[in-house]
Amino acid sequence: MEPILRAEGLGRRFPVGDGVWALKKASLSVPAGRFVLVAGPSGCGKTTLLNLLGGLDRPTRGDVELRGVRYSTLDESGLARLRRTEIGFVFQFFNLLSDLTAEENVALPMRMTHMPRDEVAARTAMLLEAVGMSHRARHTPYELSGGEQQRVAVARALANDPTIILADEPTGNLDSKNSTEVMDLFRRFNRERKQTFVVVSHDPAFAEYADVVVWMQDGEITSVEEREGRPS
Amino acid sequence: MIDFIVALWGGVKNLFYSLHPRQLRRFAAELPVLTPLAVRSVRRRLPRYLMVGVSLGAGIIIFLVLSASFRGSAVDLAGRTSPMDLPADIVVLDIADWGRAAGDLGWVGAAGSYEVFDSWEAPTSVGLRRVLGLPEGGRLLGWLGLDHLPPPGGVLLAADVAAAAGLRPGDTVLVGRVGRDGFTGRGYRLAGLHEARDSLFRGTLVMSLEELLELRAALGAASGSPAGGPGADSPQPTALAAWAGSEGTLPRMLERVKGLFPDATIWWAALPGDQAYRAVGGFLAPGRLVLALVFVLAGLGVFNVMLLSLLGRKAQLGVLKALGSDDDEVFLLLFLEGGFMALGGSALGLTGGAFLVRVFDRVSELPLLLTPSALVWAAALGVVSFYLASWFPATLCRRASPIQLMAERRLYLDPRSTCAQCGRCGGF
């Protein structure tokens, strides 16, 4: 299957002291509709890799290509547009905008693309329903539990029907029950909508959800494991 | 250091770039998305933003009160100089009974930003007389010591004219005025008599050029006889005096007057009051410096709050960028928040300042004079200080990467330069 996301020789060096290579060299292909888990111990470069895949950071070397568009050819505005329309993000600390309600948080990415208001409203309602948060639509993040906030964040990530969703330790700040619920949610969207996911987690237990598990160690990809027979 | 200067220069260029029509059009398109966000943000941090609005408002109030105080003092000082001799035989002249009744002597034309003195002899019941008219509220009124003209004090008449006409102080004379609907007459009390003396301004009618031309034409038509009054065919004025609101417009105006009245002697400036006014202008210069400092302080207040507002929610702004807001949109969002603050502060400052000037004018011994230009300057300086104060925090944020913001790392003017990594300046 033709990959929609491809990373070639990615490296990221941070100029701390003599310079630290957080990511030494990583090449990765993500086919459409797959659920990819990037796993490894803390500090192995998972988040750095995800940031580069999502265009949140620029690599020191190498390049990323999403649906044929090379990030290196885009300026900051181009990269922002790409993030707006093609990529959905889910973060460890949920990162909902605290000034906005749950539904406004979900609607925001759509408003950014100047989608008609009625369409935004309908889609927001549908997404909140899909993540089981309709009853909390008018609540601000402060009034939601961690699990609820992450559900809203998932709905927000799906708002513009992105090509790929990148999740950075989405369960890192949740208890085991909420962690399972969020991962189940990912799997459901992956199965039902053929939504492509790249999820970073230090917990190898979540490997059971993935089609592909990318193992990392010391800033490098050590192995890529294709999995079959995952639970539905 | 060089990196920092380059980054700073880039920021300054961006400052002007953000005012480019194309960029403004883009900003306008993003307003529906960003305005609700900015409103929410301001509402959440209302006390803080309110304090800054009040600081800016206080700056404007101080500016207006000081400005009105300086201006009022200048005018007051000008008024205290020796008034000029009243250089006319007749103060007012009535259009309807031109030359027939000394009691109906009056013509007052309101001037625009400048005043033109026409000079001619008017045939009256007591013979040919020189004419002087002054606009209500005109500057000459004060400088010639005629603040009470026309009401509430009434008008002045030359003593010999009044004697010939049998008029006494307290009698009513009719004053003609150029109004929107044409020429109208109003009765005024004869406040007093004066001895007319021959001087530079003997025989003067005050009005704008347009009014003068209009009046000449109308008088000619009304009287039917050019000899009966200064109609279209009447002699050209023999003396003209003029000044403009600013030095810049005076030469142009004088040129225009010269073209219209080639035979007239043109006299301007050097009025004692004018000289005093100019002398006070020397004091106004350092005063303006103080006023500028007031705005610098108000601007620092806006700067601090905008910076704190940014630093306190780096992560949120980073999320906005991660979700696809580009650098300019985040910049605009911060500007909008500052804009609400500046708008509220300016409204408070302008109304509060105008009110306080009014109050102080009543209770203070020295008059306070609030000019429209001071209001415009206050509003403009408010906008500029807000813009400059918001620019730096907004630029910091515009240039930071989403990761830098979300991880709440220190921000530098140029996040990717070598200077940003050395950390000597500390960053923000």
# chains A, B, ... in the order shown; residues from 1 in each chain; ligands from 1
>>> interface_residues(of="chain B", to="chain A", cutoff="9 Å", atoms="only C-alpha atoms", output="PyMOL selection string")
chain B and resi 30+32-34+37+40-41+43-44+315-317+319-328+401-404+406+418+421
>>> residues_around(residues="Ala22 of chain A", least_positions_apart="2", cutoff="6 Å", atoms="only C-alpha atoms", output="short mmCIF file (atom, residue, chain, number, x, y, z; two decimals) with C-alpha atoms, in the first residue's frame")
data_model
loop_
_atom_site.label_atom_id
_atom_site.label_comp_id
_atom_site.auth_asym_id
_atom_site.auth_seq_id
_atom_site.Cartn_x
_atom_site.Cartn_y
_atom_site.Cartn_z
CA ARG A 12 17.11 16.57 15.12
CA ARG A 13 19.95 18.11 17.02
CA VAL A 20 22.49 16.76 21.53
CA GLY A 45 13.21 10.45 20.72
CA GLY A 219 17.20 8.32 19.12
#
>>> select_by_dssp(residues="segment 10-220 of chain A", states="alpha helix (DSSP H)", output="NGL selection string")
:A and (46-53 or 76-86 or 102-112 or 117-130 or 146-157 or 176-193)
>>> atom_distance(atom1="atom CA of Arg67 of chain A", atom2="atom CA of Pro162 of chain A")
11.5 Å
>>> closest_residue(among="A:Ala121, A:Met126, A:Val64, A:Val36", to="Thr196 of chain A", atoms="only C-alpha atoms")
A:Val36
>>> atom_distance(atom1="atom CA of Ala298 of chain B", atom2="atom CA of Leu24 of chain B")
25.8 Å
>>> closest_residue(among="B:Ser73, B:Ser364, B:Ser346, B:Ser385", to="Leu293 of chain B", atoms="only C-alpha atoms")
B:Ser385
>>> residues_around(residues="Leu308 of chain B", least_positions_apart="6", cutoff="10 Å", atoms="only C-alpha atoms", output="PDB file with all heavy atoms, in the first residue's frame")
ATOM      1  N   ARG B  48      -6.989  42.293  34.897  1.00  0.00           N
ATOM      2  CA  ARG B  48      -5.667  42.699  34.424  1.00  0.00           C
ATOM      3  C   ARG B  48      -5.797  43.655  33.232  1.00  0.00           C
ATOM      4  O   ARG B  48      -5.157  44.707  33.182  1.00  0.00           O
ATOM      5  CB  ARG B  48      -4.883  41.450  34.006  1.00  0.00           C
ATOM      6  CG  ARG B  48      -3.425  41.710  33.769  1.00  0.00           C
ATOM      7  CD  ARG B  48      -2.762  40.523  33.138  1.00  0.00           C
ATOM      8  NE  ARG B  48      -2.830  39.311  33.940  1.00  0.00           N
ATOM      9  CZ  ARG B  48      -2.495  38.100  33.480  1.00  0.00           C
ATOM     10  NH1 ARG B  48      -2.113  37.967  32.232  1.00  0.00           N
ATOM     11  NH2 ARG B  48      -2.571  37.046  34.244  1.00  0.00           N
ATOM     12  N   VAL B 302       0.968  48.786  28.944  1.00  0.00           N
ATOM     13  CA  VAL B 302       0.388  47.864  27.946  1.00  0.00           C
ATOM     14  C   VAL B 302       1.403  46.778  27.620  1.00  0.00           C
ATOM     15  O   VAL B 302       1.068  45.596  27.549  1.00  0.00           O
ATOM     16  CB  VAL B 302      -0.001  48.625  26.653  1.00  0.00           C
ATOM     17  CG1 VAL B 302      -0.599  47.677  25.634  1.00  0.00           C
ATOM     18  CG2 VAL B 302      -0.979  49.734  26.976  1.00  0.00           C
ATOM     19  N   LYS B 314       1.760  30.565  27.151  1.00  0.00           N
ATOM     20  CA  LYS B 314       2.571  30.094  26.022  1.00  0.00           C
ATOM     21  C   LYS B 314       1.967  28.821  25.441  1.00  0.00           C
ATOM     22  O   LYS B 314       1.832  28.671  24.228  1.00  0.00           O
ATOM     23  CB  LYS B 314       3.986  29.787  26.498  1.00  0.00           C
ATOM     24  CG  LYS B 314       4.883  30.981  26.688  1.00  0.00           C
ATOM     25  CD  LYS B 314       6.257  30.484  27.118  1.00  0.00           C
ATOM     26  CE  LYS B 314       7.144  31.617  27.576  1.00  0.00           C
ATOM     27  NZ  LYS B 314       8.380  31.126  28.189  1.00  0.00           N
ATOM     28  N   PRO B 393       5.696  41.861  22.345  1.00  0.00           N
ATOM     29  CA  PRO B 393       5.199  40.538  22.776  1.00  0.00           C
ATOM     30  C   PRO B 393       4.588  39.755  21.616  1.00  0.00           C
ATOM     31  O   PRO B 393       4.801  38.541  21.499  1.00  0.00           O
ATOM     32  CB  PRO B 393       4.117  40.873  23.809  1.00  0.00           C
ATOM     33  CG  PRO B 393       4.393  42.267  24.236  1.00  0.00           C
ATOM     34  CD  PRO B 393       5.034  42.947  23.091  1.00  0.00           C
ATOM     35  N   PHE B 428      12.562  35.476  27.220  1.00  0.00           N
ATOM     36  CA  PHE B 428      11.313  35.810  27.927  1.00  0.00           C
ATOM     37  C   PHE B 428      10.518  34.543  28.223  1.00  0.00           C
ATOM     38  O   PHE B 428      10.505  33.623  27.454  1.00  0.00           O
ATOM     39  CB  PHE B 428      10.456  36.749  27.081  1.00  0.00           C
ATOM     40  CG  PHE B 428      11.050  38.111  26.954  1.00  0.00           C
ATOM     41  CD1 PHE B 428      11.879  38.398  25.896  1.00  0.00           C
ATOM     42  CD2 PHE B 428      10.807  39.082  27.891  1.00  0.00           C
ATOM     43  CE1 PHE B 428      12.453  39.646  25.768  1.00  0.00           C
ATOM     44  CE2 PHE B 428      11.364  40.333  27.777  1.00  0.00           C
ATOM     45  CZ  PHE B 428      12.196  40.619  26.715  1.00  0.00           C
TER      46      PHE B 428
END
>>> closest_residue(among="A:Ala159, A:Ala7, A:Val182, A:Cys44", to="Asp218 of chain A", atoms="only C-alpha atoms")
A:Cys44
